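The next block is entry-v1.csv, given as CSV, C-alpha atoms.
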chain,number,residue,atom,x,y,z
A,481,MET,CA,0.0,0.0,0.0
A,482,ARG,CA,1.2,3.5,-0.9
A,483,ILE,CA,0.0,7.0,-0.1
A,484,TYR,CA,-0.9,9.2,-3.0
A,485,LYS,CA,-1.6,13.0,-2.9
A,486,ILE,CA,-4.2,14.0,-5.4
A,487,GLU,CA,-4.7,17.6,-6.6
A,488,ALA,CA,-7.9,17.8,-8.6
A,489,VAL,CA,-9.7,20.7,-10.3
A,490,ILE,CA,-13.4,19.9,-10.3
A,491,SER,CA,-16.4,21.8,-11.6
A,492,GLY,CA,-18.1,23.3,-8.6
A,493,ASN,CA,-21.3,25.4,-8.1
A,494,ASN,CA,-22.3,27.3,-11.3
A,495,ASP,CA,-19.5,25.5,-13.2
A,496,LYS,CA,-16.8,27.4,-11.3
A,497,PRO,CA,-13.6,25.5,-11.0
A,498,GLU,CA,-12.6,24.4,-7.5
A,499,THR,CA,-9.3,22.9,-6.4
A,500,ARG,CA,-9.3,20.0,-4.0
A,501,VAL,CA,-6.4,18.2,-2.4
A,502,GLU,CA,-6.9,14.7,-1.0
A,503,ARG,CA,-4.7,11.9,0.3
A,504,LEU,CA,-5.5,8.3,-0.6
A,505,ILE,CA,-4.1,5.0,0.5
A,506,ALA,CA,-4.1,2.5,-2.4
A,507,GLY,CA,-2.2,-0.4,-3.9
A,508,GLY,CA,-1.3,1.3,-7.2
A,509,TRP,CA,-2.2,3.9,-9.8
A,510,GLN,CA,-5.1,1.9,-11.2
A,511,GLU,CA,-6.7,1.7,-7.8
A,512,VAL,CA,-6.3,5.4,-7.3
A,513,HIS,CA,-8.1,6.1,-10.6
A,514,GLU,CA,-10.9,3.6,-9.6
A,515,LEU,CA,-11.4,5.3,-6.2
A,516,MET,CA,-11.5,8.8,-7.9
A,517,ALA,CA,-14.1,7.5,-10.4
A,518,ARG,CA,-16.2,6.2,-7.5
A,519,ILE,CA,-16.0,9.5,-5.7
A,520,CYS,CA,-17.1,11.4,-8.8
A,521,ARG,CA,-20.0,9.0,-9.4
A,522,ASP,CA,-21.2,9.3,-5.8
A,523,THR,CA,-20.8,13.1,-5.5
A,524,GLY,CA,-21.7,14.0,-9.1
A,525,CYS,CA,-18.6,16.1,-9.6
A,526,VAL,CA,-16.6,16.3,-12.8
A,527,ILE,CA,-12.8,16.3,-12.7
A,528,ARG,CA,-11.3,18.8,-15.2
A,529,GLU,CA,-7.7,18.3,-14.3
A,530,MET,CA,-5.9,15.9,-11.9
A,531,HIS,CA,-2.3,15.5,-10.7
A,532,ILE,CA,-1.4,12.4,-8.7
A,533,ILE,CA,1.8,12.3,-6.7
A,534,GLU,CA,3.1,9.2,-5.0
A,535,THR,CA,4.5,10.2,-1.6
A,536,ASN,CA,7.1,8.2,0.3
A,537,GLU,CA,5.1,8.2,3.5
A,538,THR,CA,4.4,5.0,5.3
A,539,PRO,CA,0.6,4.2,5.6
A,540,PHE,CA,-0.7,4.1,9.2
A,541,ASP,CA,2.5,5.6,10.6
A,542,TYR,CA,2.0,6.9,14.1
A,543,ARG,CA,3.3,10.5,13.8
A,544,THR,CA,1.8,13.9,13.6
A,545,VAL,CA,0.9,15.1,10.1
A,546,LYS,CA,2.0,18.7,9.5
A,547,ALA,CA,-0.3,21.0,7.6
A,548,THR,CA,1.1,22.1,4.3
Encoded form (structure tokens):
Amino acid sequence: MRIYKIEAVISGNNDKPETRVERLIAGGWQEVHELMARICRDTGCVIREMHIIETNETPFDYRTVKAT
């Protein structure tokens, strides 16, 4: 399992673009895309642009996460 940071531009209210940043724990790139597709289907948002960055963090590590 790896941690991925996703920066996505979605169409928000009145078709105004909104930027969202999420962290996902997944087994690989394909699973990240499948999770994002499920989120879009369930919330009704449309992703206009998406950047996925694989972090080198350890999943379920017991440490304080610093806000960026």
Exercise for the section: Tell me, as a list in words, which residues lie within 9 Å of A:Thr499, counting all atoms listed in the file; anything in the same chain fewer than 5 positions away does not count. Expected result: Glu487, Ala488, Val489, Ile490 and Ser491 of chain A
Problem - Which of A:Arg503, A:His513, A:Arg521, A:Lys496 sits closest to A:Glu534 [using only C-alpha atoms] - result: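 Of all the options, A:Arg503 lies closest to A:Glu534.
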Completion exercise
Restricting to all atoms listed in the file, whichever of A:Arg528, A:Phe540, A:Ile519, A:Tyr484 is closest to A:Gly507 is A:Tyr484
All residues 8 Å or closer to A:Glu502, all atoms listed in the file, same chain fewer than 2 positions away omitted, as a PDB file with C-alpha atoms, in the coordinates of the input:
ATOM      1  CA  LYS A 485      -1.600  13.000  -2.900  1.00  0.00           C
ATOM      2  CA  ILE A 486      -4.200  14.000  -5.400  1.00  0.00           C
ATOM      3  CA  GLU A 487      -4.700  17.600  -6.600  1.00  0.00           C
ATOM      4  CA  ARG A 500      -9.300  20.000  -4.000  1.00  0.00           C
ATOM      5  CA  LEU A 504      -5.500   8.300  -0.600  1.00  0.00           C
TER       6      LEU A 504
END
Handout entry: Atomic separation - atom CA of A:Gly492 relative to atom CA of A:Glu529, Å
Key = 12.9 Å
Handout entry: Top pick for closest residue to A:Pro539, considering A:Ala517, A:Val501, A:Val526, A:Ala506 and counting only C-alpha atoms
Key =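 Of A:Ala517, A:Val501, A:Val526, A:Ala506, the one nearest A:Pro539 is A:Ala506, counting only C-alpha atoms.
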Exercise for the section: Kindly give the distance, in Å, that separates atom CA of A:Trp509 and atom CA of A:Asp495, rounded to a single decimal. Expected result: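 Between these atoms lies a distance of 27.9 Å.
Nearest to A:Met481 of all the residues A:Asn494, A:Leu515, A:Cys525, A:Ile505 is A:Ile505, based on only C-alpha atoms.
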Serialized stretch 495-508 of chain A w/ all heavy atoms as a tab-separated table (two decimals), in the first residue's frame:
chain	number	residue	atom	x	y	z
A	495	ASP	N	-20.64	25.88	-12.29
A	495	ASP	CA	-19.54	25.53	-13.19
A	495	ASP	C	-18.27	26.30	-12.91
A	495	ASP	O	-17.43	26.48	-13.80
A	495	ASP	CB	-19.98	25.71	-14.64
A	495	ASP	CG	-19.49	24.58	-15.53
A	495	ASP	OD1	-19.11	23.53	-14.98
A	495	ASP	OD2	-19.48	24.76	-16.75
A	496	LYS	N	-18.08	26.77	-11.67
A	496	LYS	CA	-16.83	27.44	-11.29
A	496	LYS	C	-15.82	26.38	-10.86
A	496	LYS	O	-16.15	25.50	-10.08
A	496	LYS	CB	-17.07	28.41	-10.13
A	496	LYS	CG	-17.93	29.58	-10.49
A	496	LYS	CD	-18.12	30.50	-9.29
A	496	LYS	CE	-19.06	31.63	-9.63
A	496	LYS	NZ	-19.35	32.45	-8.45
A	497	PRO	N	-14.60	26.46	-11.37
A	497	PRO	CA	-13.60	25.45	-10.98
A	497	PRO	C	-13.19	25.59	-9.51
A	497	PRO	O	-13.02	26.69	-9.01
A	497	PRO	CB	-12.43	25.72	-11.90
A	497	PRO	CG	-12.67	27.03	-12.54
A	497	PRO	CD	-14.10	27.39	-12.34
A	498	GLU	N	-13.05	24.45	-8.85
A	498	GLU	CA	-12.60	24.40	-7.46
A	498	GLU	C	-11.43	23.42	-7.39
A	498	GLU	O	-11.44	22.39	-8.04
A	498	GLU	CB	-13.71	23.90	-6.54
A	498	GLU	CG	-14.92	24.79	-6.47
A	498	GLU	CD	-16.00	24.21	-5.58
A	498	GLU	OE1	-15.72	23.24	-4.84
A	498	GLU	OE2	-17.12	24.72	-5.63
A	499	THR	N	-10.42	23.77	-6.61
A	499	THR	CA	-9.26	22.89	-6.45
A	499	THR	C	-9.41	22.13	-5.13
A	499	THR	O	-9.67	22.72	-4.09
A	499	THR	CB	-7.96	23.70	-6.43
A	499	THR	OG1	-7.87	24.45	-7.65
A	499	THR	CG2	-6.74	22.80	-6.30
A	500	ARG	N	-9.23	20.82	-5.20
A	500	ARG	CA	-9.32	19.95	-4.03
A	500	ARG	C	-8.02	19.17	-3.91
A	500	ARG	O	-7.44	18.76	-4.90
A	500	ARG	CB	-10.47	18.95	-4.15
A	500	ARG	CG	-11.81	19.57	-4.38
A	500	ARG	CD	-12.28	20.26	-3.13
A	500	ARG	NE	-13.55	20.92	-3.42
A	500	ARG	CZ	-14.52	21.04	-2.54
A	500	ARG	NH1	-14.38	20.57	-1.34
A	500	ARG	NH2	-15.63	21.66	-2.88
A	501	VAL	N	-7.57	18.97	-2.67
A	501	VAL	CA	-6.38	18.16	-2.40
A	501	VAL	C	-6.79	17.05	-1.45
A	501	VAL	O	-7.38	17.30	-0.41
A	501	VAL	CB	-5.25	19.02	-1.79
A	501	VAL	CG1	-4.04	18.15	-1.46
A	501	VAL	CG2	-4.87	20.15	-2.71
A	502	GLU	N	-6.49	15.82	-1.83
A	502	GLU	CA	-6.85	14.65	-1.04
A	502	GLU	C	-5.65	13.73	-0.92
A	502	GLU	O	-4.75	13.76	-1.73
A	502	GLU	CB	-8.00	13.87	-1.69
A	502	GLU	CG	-9.28	14.65	-1.86
A	502	GLU	CD	-9.97	14.96	-0.55
A	502	GLU	OE1	-9.75	14.22	0.44
A	502	GLU	OE2	-10.71	15.95	-0.51
A	503	ARG	N	-5.66	12.91	0.12
A	503	ARG	CA	-4.67	11.85	0.28
A	503	ARG	C	-5.40	10.52	0.27
A	503	ARG	O	-6.39	10.35	0.96
A	503	ARG	CB	-3.92	12.02	1.60
A	503	ARG	CG	-3.03	13.23	1.63
A	503	ARG	CD	-2.36	13.42	2.98
A	503	ARG	NE	-1.42	12.34	3.22
A	503	ARG	CZ	-1.34	11.67	4.37
A	503	ARG	NH1	-2.15	11.94	5.35
A	503	ARG	NH2	-0.46	10.71	4.53
A	504	LEU	N	-4.91	9.59	-0.53
A	504	LEU	CA	-5.52	8.27	-0.63
A	504	LEU	C	-4.47	7.20	-0.35
A	504	LEU	O	-3.32	7.35	-0.74
A	504	LEU	CB	-6.10	8.02	-2.02
A	504	LEU	CG	-7.32	8.81	-2.44
A	504	LEU	CD1	-7.68	8.47	-3.88
A	504	LEU	CD2	-8.49	8.52	-1.54
A	505	ILE	N	-4.91	6.14	0.29
A	505	ILE	CA	-4.06	4.97	0.46
A	505	ILE	C	-4.56	3.93	-0.52
A	505	ILE	O	-5.73	3.55	-0.49
A	505	ILE	CB	-4.13	4.44	1.90
A	505	ILE	CG1	-3.63	5.51	2.88
A	505	ILE	CG2	-3.31	3.16	2.03
A	505	ILE	CD1	-3.81	5.14	4.33
A	506	ALA	N	-3.68	3.50	-1.40
A	506	ALA	CA	-4.08	2.55	-2.44
A	506	ALA	C	-2.90	1.64	-2.79
A	506	ALA	O	-1.75	1.94	-2.47
A	506	ALA	CB	-4.56	3.30	-3.68
A	507	GLY	N	-3.22	0.57	-3.48
A	507	GLY	CA	-2.20	-0.40	-3.87
A	507	GLY	C	-1.44	-0.01	-5.13
A	507	GLY	O	-0.36	-0.52	-5.37
A	508	GLY	N	-1.99	0.88	-5.94
A	508	GLY	CA	-1.32	1.28	-7.17
A	508	GLY	C	-2.11	2.36	-7.89
A	508	GLY	O	-3.16	2.80	-7.44
